[in-house]
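Q: Sending over query-v3.txt (compact mmCIF, C-alpha atoms and all ligand atoms).
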# COMPACT_ATOMS: atom_id res chain seq x y z
CA MET A 614 -9.77 1.72 -24.16
CA ARG A 615 -8.50 5.12 -22.94
CA ILE A 616 -7.15 5.23 -19.40
CA GLY A 617 -6.53 8.32 -17.29
CA PHE A 618 -4.37 8.00 -14.15
CA VAL A 619 -4.63 10.15 -11.01
CA GLY A 620 -2.00 10.22 -8.22
CA LEU A 621 1.58 10.02 -9.44
CA GLY A 622 3.32 9.15 -6.17
CA ALA A 623 5.78 6.34 -5.42
CA MET A 624 3.21 3.75 -6.58
CA GLY A 625 1.11 5.69 -9.08
CA ALA A 626 3.89 6.99 -11.35
CA PRO A 627 5.33 3.55 -12.18
CA MET A 628 1.80 2.15 -12.60
CA ALA A 629 1.07 4.92 -15.12
CA ARG A 630 4.29 4.03 -16.97
CA ASN A 631 3.17 0.41 -17.23
CA LEU A 632 -0.22 1.50 -18.60
CA HIS A 633 1.67 3.55 -21.18
CA ARG A 634 3.78 0.48 -22.11
CA ALA A 635 0.53 -1.43 -22.66
CA SER A 636 -0.63 1.42 -24.98
CA LEU A 637 -3.58 2.17 -22.69
CA LEU A 638 -2.64 5.51 -21.12
CA ALA A 639 -4.37 8.60 -22.52
CA GLY A 640 -3.12 10.97 -19.83
CA VAL A 641 -2.52 11.85 -16.19
CA TRP A 642 -3.46 14.29 -13.42
CA ASN A 643 -1.66 14.99 -10.15
CA ARG A 644 -2.41 17.43 -7.32
CA THR A 645 1.12 18.86 -7.58
CA GLN A 646 0.83 19.66 -11.28
CA GLY A 647 4.56 19.70 -12.03
CA LYS A 648 4.71 15.91 -11.54
CA ALA A 649 1.92 15.38 -14.09
CA ALA A 650 3.58 17.74 -16.58
CA ALA A 651 6.92 15.94 -16.22
CA LEU A 652 5.45 12.45 -16.66
CA ALA A 653 3.27 13.57 -19.59
CA ALA A 654 6.37 15.02 -21.29
CA GLU A 655 8.31 11.78 -20.65
CA LEU A 656 5.54 9.55 -22.01
CA GLY A 657 4.07 11.83 -24.64
CA CYS A 658 0.58 11.72 -23.14
CA ASN A 659 -1.89 14.38 -21.91
CA ALA A 660 -1.51 16.31 -18.65
CA TYR A 661 -5.17 17.18 -18.05
CA PRO A 662 -5.85 20.60 -16.51
CA THR A 663 -8.63 19.27 -14.27
CA LEU A 664 -9.91 15.97 -12.94
CA ALA A 665 -13.21 16.54 -14.77
CA ASP A 666 -11.33 16.94 -18.10
CA LEU A 667 -9.52 13.66 -17.48
CA ALA A 668 -12.77 11.86 -16.64
CA ALA A 669 -14.53 13.26 -19.70
CA ASP A 670 -11.76 12.09 -22.07
CA CYS A 671 -11.28 8.57 -20.67
CA ASP A 672 -13.22 5.28 -20.44
CA VAL A 673 -11.41 4.14 -17.30
CA VAL A 674 -9.86 6.23 -14.50
CA GLY A 675 -7.17 4.70 -12.27
CA ILE A 676 -6.49 6.37 -8.91
CA CYS A 677 -3.65 5.88 -6.42
CA VAL A 678 -3.73 8.52 -3.66
CA SER A 679 -2.91 8.44 0.05
CA ALA A 680 -6.01 7.95 2.20
CA ASP A 681 -9.83 7.93 2.42
CA ALA A 682 -10.43 11.70 2.42
CA ASP A 683 -8.05 12.14 -0.54
CA LEU A 684 -9.89 9.49 -2.55
CA ARG A 685 -13.27 11.11 -1.82
CA GLU A 686 -11.89 14.48 -2.91
CA VAL A 687 -10.54 13.04 -6.17
CA VAL A 688 -13.81 11.25 -7.00
CA ALA A 689 -15.77 14.46 -6.33
CA GLY A 690 -13.45 16.28 -8.76
CA LEU A 691 -13.89 13.57 -11.43
CA SER A 692 -17.68 13.47 -11.11
CA PRO A 693 -18.67 16.21 -13.62
CA GLY A 694 -16.76 14.28 -16.34
CA LEU A 695 -17.99 10.79 -15.48
CA GLY A 696 -20.92 9.16 -17.27
CA ALA A 697 -22.71 5.84 -17.75
CA GLY A 698 -20.43 2.97 -18.79
CA LYS A 699 -17.22 4.52 -17.45
CA ILE A 700 -15.16 2.75 -14.78
CA VAL A 701 -13.22 4.14 -11.81
CA ILE A 702 -10.54 1.83 -10.37
CA ASP A 703 -9.11 2.78 -6.99
CA PHE A 704 -5.69 1.29 -6.24
CA SER A 705 -5.22 3.22 -2.94
CA THR A 706 -5.47 1.52 0.46
CA VAL A 707 -8.59 2.91 2.17
CA GLY A 708 -11.43 1.60 4.35
CA ALA A 709 -13.92 -0.88 2.89
CA GLY A 710 -16.74 1.48 3.97
CA THR A 711 -15.31 4.29 1.84
CA ALA A 712 -15.14 1.93 -1.15
CA ARG A 713 -18.76 0.79 -0.65
CA ALA A 714 -20.04 4.37 -0.31
CA LEU A 715 -18.27 5.48 -3.52
CA HIS A 716 -19.46 2.36 -5.35
CA ALA A 717 -23.08 3.14 -4.41
CA ARG A 718 -22.79 6.83 -5.31
CA LEU A 719 -21.24 6.17 -8.73
CA ALA A 720 -23.57 3.24 -9.50
CA ALA A 721 -26.50 5.69 -9.34
CA GLY A 722 -25.04 7.36 -12.47
CA GLY A 723 -24.18 4.08 -14.22
CA VAL A 724 -20.45 4.40 -13.41
CA GLY A 725 -18.58 1.26 -12.28
CA PHE A 726 -16.29 1.44 -9.24
CA LEU A 727 -13.75 -1.22 -8.27
CA ASP A 728 -11.70 -1.22 -5.05
CA CYS A 729 -8.35 -2.66 -6.17
CA PRO A 730 -5.74 -2.17 -3.43
CA VAL A 731 -2.35 -3.60 -4.26
CA SER A 732 0.50 -5.41 -2.57
CA GLY A 733 4.08 -5.74 -3.76
CA GLY A 734 5.53 -2.33 -2.95
CA ILE A 735 7.37 0.08 -5.19
CA GLU A 736 9.33 -2.79 -6.80
CA GLY A 737 6.07 -4.52 -7.76
CA ALA A 738 4.67 -1.25 -9.13
CA ARG A 739 7.79 -0.72 -11.27
CA GLN A 740 7.90 -4.28 -12.56
CA GLY A 741 4.14 -4.54 -13.14
CA THR A 742 3.99 -7.52 -10.79
CA LEU A 743 1.60 -6.18 -8.12
CA ALA A 744 -0.91 -8.47 -6.44
CA ILE A 745 -4.33 -6.87 -6.96
CA MET A 746 -7.25 -7.57 -4.63
CA ALA A 747 -10.46 -6.50 -6.36
CA GLY A 748 -13.91 -5.84 -4.97
CA GLY A 749 -16.95 -4.79 -7.01
CA ASP A 750 -19.30 -6.01 -9.74
CA GLU A 751 -17.85 -9.03 -11.53
CA ALA A 752 -18.88 -7.77 -15.01
CA VAL A 753 -17.08 -4.46 -14.36
CA PHE A 754 -14.03 -6.38 -13.11
CA GLU A 755 -13.95 -8.40 -16.35
CA ARG A 756 -14.17 -5.21 -18.45
CA ALA A 757 -11.32 -3.68 -16.42
CA ARG A 758 -9.11 -6.78 -16.69
CA PRO A 759 -6.76 -5.40 -19.43
CA VAL A 760 -5.98 -2.42 -17.17
CA LEU A 761 -5.32 -4.63 -14.15
CA GLU A 762 -3.14 -6.99 -16.20
CA ALA A 763 -0.98 -4.03 -17.31
CA VAL A 764 -0.01 -3.22 -13.70
CA GLY A 765 -0.32 -6.53 -11.82
CA ARG A 766 0.49 -10.22 -12.00
CA LYS A 767 -1.75 -11.91 -9.40
CA ILE A 768 -5.21 -10.47 -9.98
CA ALA A 769 -8.16 -11.75 -7.95
CA HIS A 770 -11.80 -10.77 -7.66
CA LEU A 771 -12.67 -11.32 -3.99
CA GLY A 772 -16.36 -10.35 -3.95
CA PRO A 773 -18.66 -7.31 -3.93
CA SER A 774 -17.54 -3.73 -3.33
CA GLY A 775 -15.26 -3.44 -0.27
CA ALA A 776 -13.99 -7.06 -0.52
CA GLY A 777 -10.69 -5.88 -2.04
CA GLN A 778 -10.04 -3.44 0.80
CA ALA A 779 -11.08 -6.04 3.40
CA THR A 780 -8.54 -8.47 1.88
CA LYS A 781 -5.83 -5.80 1.97
CA ALA A 782 -6.68 -5.09 5.64
CA THR A 783 -6.32 -8.84 6.32
CA ASN A 784 -2.83 -8.70 4.79
CA GLN A 785 -1.86 -5.62 6.83
CA ILE A 786 -2.86 -7.34 10.09
CA MET A 787 -0.63 -10.31 9.17
CA CYS A 788 2.26 -7.99 8.30
CA ALA A 789 1.94 -6.33 11.74
CA GLY A 790 2.11 -9.61 13.65
CA ILE A 791 4.94 -11.00 11.55
CA ILE A 792 7.19 -7.93 11.66
CA GLN A 793 6.70 -7.76 15.45
CA ALA A 794 7.57 -11.45 15.87
CA VAL A 795 10.63 -11.20 13.58
CA ALA A 796 11.94 -8.09 15.38
CA GLU A 797 11.36 -9.57 18.83
CA ALA A 798 13.11 -12.82 17.86
CA MET A 799 16.05 -10.97 16.32
CA ALA A 800 16.46 -8.80 19.43
CA PHE A 801 16.47 -11.99 21.50
CA ALA A 802 19.06 -13.63 19.23
CA GLN A 803 21.24 -10.50 19.48
CA ALA A 804 20.97 -10.52 23.30
CA GLU A 805 21.98 -14.20 23.28
CA GLY A 806 25.14 -13.24 21.37
CA LEU A 807 24.24 -15.41 18.34
CA PRO A 808 25.87 -14.90 14.90
CA LEU A 809 22.89 -13.11 13.34
CA GLU A 810 23.68 -13.72 9.67
CA ARG A 811 24.03 -17.47 10.25
CA VAL A 812 20.84 -17.46 12.32
CA ILE A 813 18.97 -15.80 9.42
CA ASP A 814 20.43 -18.23 6.90
CA THR A 815 19.51 -21.24 9.05
CA LEU A 816 16.08 -20.24 10.36
CA GLY A 817 15.15 -18.85 6.93
CA GLN A 818 14.65 -22.53 6.02
CA GLY A 819 12.65 -23.28 9.18
CA ALA A 820 8.99 -23.37 10.15
CA GLY A 821 9.09 -19.90 11.70
CA SER A 822 10.40 -18.27 8.54
CA SER A 823 8.49 -15.72 6.45
CA TRP A 824 9.07 -13.16 3.68
CA TYR A 825 9.73 -10.58 6.39
CA PHE A 826 12.27 -12.79 8.18
CA VAL A 827 14.22 -13.57 5.00
CA ASN A 828 14.07 -10.03 3.56
CA ARG A 829 13.97 -7.75 6.60
CA ALA A 830 15.86 -9.55 9.40
CA PRO A 831 19.10 -8.67 7.52
CA TYR A 832 18.19 -4.95 7.91
CA MET A 833 17.77 -5.54 11.64
CA ALA A 834 21.13 -7.33 11.88
CA LYS A 835 22.77 -4.27 10.25
CA GLY A 836 20.70 -1.70 12.18
CA GLN A 837 19.79 -0.01 8.86
CA TYR A 838 16.23 0.56 7.72
CA PRO A 839 16.23 1.98 4.16
CA ALA A 840 12.91 3.24 2.78
CA GLY A 841 10.74 0.27 1.87
CA PHE A 842 7.32 0.08 3.48
CA ARG A 843 7.17 3.23 5.59
CA VAL A 844 6.00 3.06 9.22
CA ARG A 845 3.65 5.98 8.52
CA LEU A 846 1.82 4.09 5.75
CA HIS A 847 1.44 0.88 7.72
CA GLU A 848 0.21 2.92 10.68
CA LYS A 849 -2.49 4.46 8.43
CA ASP A 850 -3.48 0.96 7.25
CA LEU A 851 -3.67 -0.39 10.81
CA ARG A 852 -5.94 2.47 11.83
CA ILE A 853 -8.23 1.31 8.99
CA CYS A 854 -8.02 -2.27 10.35
CA ARG A 855 -8.85 -1.00 13.84
CA GLU A 856 -11.94 0.80 12.55
CA MET A 857 -13.10 -2.19 10.49
CA ALA A 858 -12.65 -4.57 13.47
CA ALA A 859 -14.48 -2.13 15.74
CA ALA A 860 -17.48 -2.33 13.40
CA HIS A 861 -17.67 -6.01 14.48
CA GLY A 862 -17.23 -5.01 18.15
CA ALA A 863 -13.69 -6.45 18.16
CA ARG A 864 -10.40 -4.98 19.38
CA LEU A 865 -7.38 -6.78 17.92
CA PRO A 866 -4.30 -7.14 20.17
CA VAL A 867 -1.81 -7.39 17.27
CA VAL A 868 -3.23 -4.23 15.68
CA GLU A 869 -3.33 -2.32 18.97
CA SER A 870 0.18 -3.23 20.13
CA THR A 871 1.68 -2.46 16.71
CA LEU A 872 -0.10 0.92 16.60
CA ALA A 873 1.30 1.76 20.05
CA GLU A 874 4.84 0.85 18.95
CA TYR A 875 4.48 2.80 15.68
CA ALA A 876 3.22 5.89 17.56
CA ALA A 877 6.44 5.87 19.62
CA LEU A 878 8.61 5.32 16.51
CA ILE A 879 6.91 8.18 14.65
CA ARG A 880 7.28 10.43 17.71
CA ASP A 881 11.00 9.60 17.78
CA GLY A 882 11.44 10.54 14.11
CA HIS A 883 11.41 7.07 12.49
CA GLY A 884 8.07 7.34 10.62
CA ASP A 885 9.68 7.38 7.18
CA GLU A 886 11.89 4.34 7.79
CA ASP A 887 10.97 0.80 6.75
CA ILE A 888 8.75 -1.00 9.29
CA SER A 889 11.72 -3.23 10.22
CA THR A 890 12.77 -0.21 12.34
CA ILE A 891 10.45 -1.71 14.98
CA TYR A 892 13.61 -3.69 15.88
CA ARG A 893 14.73 -0.50 17.67
CA SER A 894 11.99 -0.82 20.28
CA LYS A 895 12.40 -4.60 20.61
CA SER A 896 16.14 -4.39 21.22
CA ALA A 897 15.54 -1.59 23.73
CA LEU A 898 13.62 -4.16 25.83
CA PHE A 899 16.82 -6.14 26.27
CA ALA A 900 18.96 -3.05 26.73
CA ASP A 901 16.64 -1.88 29.51
CA ALA A 902 16.73 -5.29 31.22
CA ASP A 903 20.53 -5.53 30.92
CA GLY A 904 21.03 -1.92 31.97
CA LYS A 905 22.70 -1.16 28.61
CA PRO A 906 21.77 1.56 26.09
CA GLY A 907 19.40 0.50 23.24
CA ALA A 908 20.42 -0.27 19.64
P1 LIG B 1 2.86 8.77 -2.09
O1 LIG B 1 4.15 8.52 -2.78
O2 LIG B 1 2.84 9.60 -0.86
O3 LIG B 1 1.87 9.46 -3.18
C1 LIG B 1 0.58 9.89 -2.85
C2 LIG B 1 -0.09 10.47 -4.09
O4 LIG B 1 -1.43 10.87 -3.73
C3 LIG B 1 0.59 11.74 -4.63
O5 LIG B 1 0.48 11.74 -6.04
C4 LIG B 1 -0.24 12.85 -4.00
O6 LIG B 1 -0.19 14.06 -4.73
C5 LIG B 1 -1.62 12.23 -4.10
N1 LIG B 1 -2.58 12.84 -3.16
C6 LIG B 1 -2.55 12.78 -1.80
N2 LIG B 1 -3.60 13.45 -1.30
C7 LIG B 1 -4.30 13.93 -2.34
C8 LIG B 1 -5.48 14.71 -2.47
N3 LIG B 1 -6.16 15.13 -1.40
N4 LIG B 1 -5.91 15.03 -3.71
C9 LIG B 1 -5.21 14.62 -4.80
N5 LIG B 1 -4.10 13.89 -4.77
C10 LIG B 1 -3.65 13.56 -3.54
O7 LIG B 1 2.11 7.42 -1.71
P2 LIG B 1 2.28 5.97 -2.36
O8 LIG B 1 3.39 5.24 -1.69
O9 LIG B 1 2.27 6.09 -3.86
O10 LIG B 1 0.92 5.28 -1.85
C11 LIG B 1 -0.33 5.52 -2.48
C12 LIG B 1 -1.35 4.50 -1.97
O11 LIG B 1 -0.89 3.17 -2.23
C13 LIG B 1 -1.58 4.59 -0.44
O12 LIG B 1 -2.94 4.38 -0.15
C14 LIG B 1 -0.71 3.45 0.09
O13 LIG B 1 -1.18 2.96 1.34
C15 LIG B 1 -0.85 2.43 -1.01
N6 LIG B 1 0.27 1.45 -1.09
C16 LIG B 1 1.58 1.87 -0.98
C17 LIG B 1 2.60 0.93 -1.05
C18 LIG B 1 4.06 1.35 -0.93
O14 LIG B 1 4.92 0.47 -0.77
N7 LIG B 1 4.39 2.64 -1.05
C19 LIG B 1 2.31 -0.42 -1.24
C20 LIG B 1 0.99 -0.82 -1.38
C21 LIG B 1 -0.02 0.14 -1.30
P3 LIG B 1 1.02 15.11 -4.51
O15 LIG B 1 2.09 14.69 -5.48
O16 LIG B 1 0.43 16.43 -4.84
O17 LIG B 1 1.46 15.01 -3.07
Reformat the file's structure so that it appears as structure tokens.

A:
Amino acid sequence: MRIGFVGLGAMGAPMARNLHRASLLAGVWNRTQGKAAALAAELGCNAYPTLADLAADCDVVGICVSADADLREVVAGLSPGLGAGKIVIDFSTVGAGTARALHARLAAGGVGFLDCPVSGGIEGARQGTLAIMAGGDEAVFERARPVLEAVGRKIAHLGPSGAGQATKATNQIMCAGIIQAVAEAMAFAQAEGLPLERVIDTLGQGAGSSWYFVNRAPYMAKGQYPAGFRVRLHEKDLRICREMAAAHGARLPVVESTLAEYAALIRDGHGDEDISTIYRSKSALFADADGKPGA
């Protein structure tokens, strides 16, 4: 099986390296061509001149680009090289509607399309331990399994096209609520004058604990938010969640309030910090009430 990989960003480049380790990678393409040339030189694989060349030379194409319009652009570029029996796997986080539309368009030419958004961050991409939420035809999913196993650990087929993106959106809504709750609680603990490290150690074992509390409350205690999951990316995902909920006639309070807080953080120059930076706005609530400056 020959795999071509498109989109060599923070997630895509380490995923391509893991495909190379599994002896599956034929070559790569990236919009900024220097990145593709550098990775191809490192791995000894092809740097294809065009998307169509990559598609023509490969059985499976993996994609990891930023957002819906970018994915549509990439698939349009691949199209002249795609043919019956080939598979396109999209690892980006986009709307379920975009995934369904691409699945239908490619199916007309006998090309399989799987929506396979991932969770696990840059660390998971590097270690090949991503959780992969797949949507699409089950037979295509089974054929693509060796590719998915090269980049992920927990791999699940959730249903027809769009089910993977809907599952990812479900996760992003949970992340929004949990990071808000953790930041609000930590700002409260700080205002109460509690020893924050001991609070984290103790409550980390309690019923209110979560991955975010254990791993991100320490950032809040230090007032440092190193790049992890950027506010900008989560904001993009929550706008997808908003649109998907609106299709059901629903408006979700957790999504809306997090989007409002993120808009303010981005405006104030914190869009590229980890989402735990939301602690800034939560601690400002106490500073305002106490008449003191914010954290
Ligand atoms: P990133 O570092 O910003 O990389 C984005 C990649 O997409 C780059 O290779 C970029 O090319 C390419 N790209 C963007 N627009 C394009 C277009 N119109 N045509 C062709 N290529 C285009 O982003 P990332 O962190 O790898 O994230 C990629 C996807 O994974 C996103 O959907 C994100 O939500 C999702 N995700 C990210 C994480 C995370 O922790 N970072 C975790 C889970 C899921 P250039 O090099 O030319 O800019």

Q: Calculated over only C-alpha atoms, which of the candidates A:Gly698, A:Pro839, A:Pro662, A:Gly862 has the smallest distance to Ser889 (chain A)?

A: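 Looking at the shortest contact to Ser889 (chain A), the residue is A:Pro839.
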
Q: Any residue with an atom at most 8 Å from ligand LIG 1 (chain B) counts, using all atoms listed in the file. Which are they? Put them as a PyMOL selection string.

A: chain A and resi 619-626+643-646+648+677-680+682-684+686-687+704-707+730-735+841-843+846-847+849-850

Q: Report the distance between CA of Glu869 (chain A) and CA of Ala800 (chain A) in Å, rounded to one decimal place.

A: 20.8 Å

Q: Considering only C-alpha atoms, can you say which of A:Met628, A:Ala877, A:Ala782, A:Ala714 comes closest to Ala858 (chain A)?

A: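 Ranked by minimum distance to Ala858 (chain A), first place goes to A:Ala782.
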
Q: Mind listing whatever residues come within 8 Å of the point (-9.8, 11.4, -18.9)? Use only C-alpha atoms, file coordinates, and give them as a list in words.

A: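 Final list of nearby residues, as requested, is Arg615, Ile616, Gly617, Phe618, Ala639, Gly640, Val641, Tyr661, Leu664, Ala665, Asp666, Leu667, Ala668, Ala669, Asp670, Cys671, Asp672, Val673, Val674 and Gly694 of chain A.
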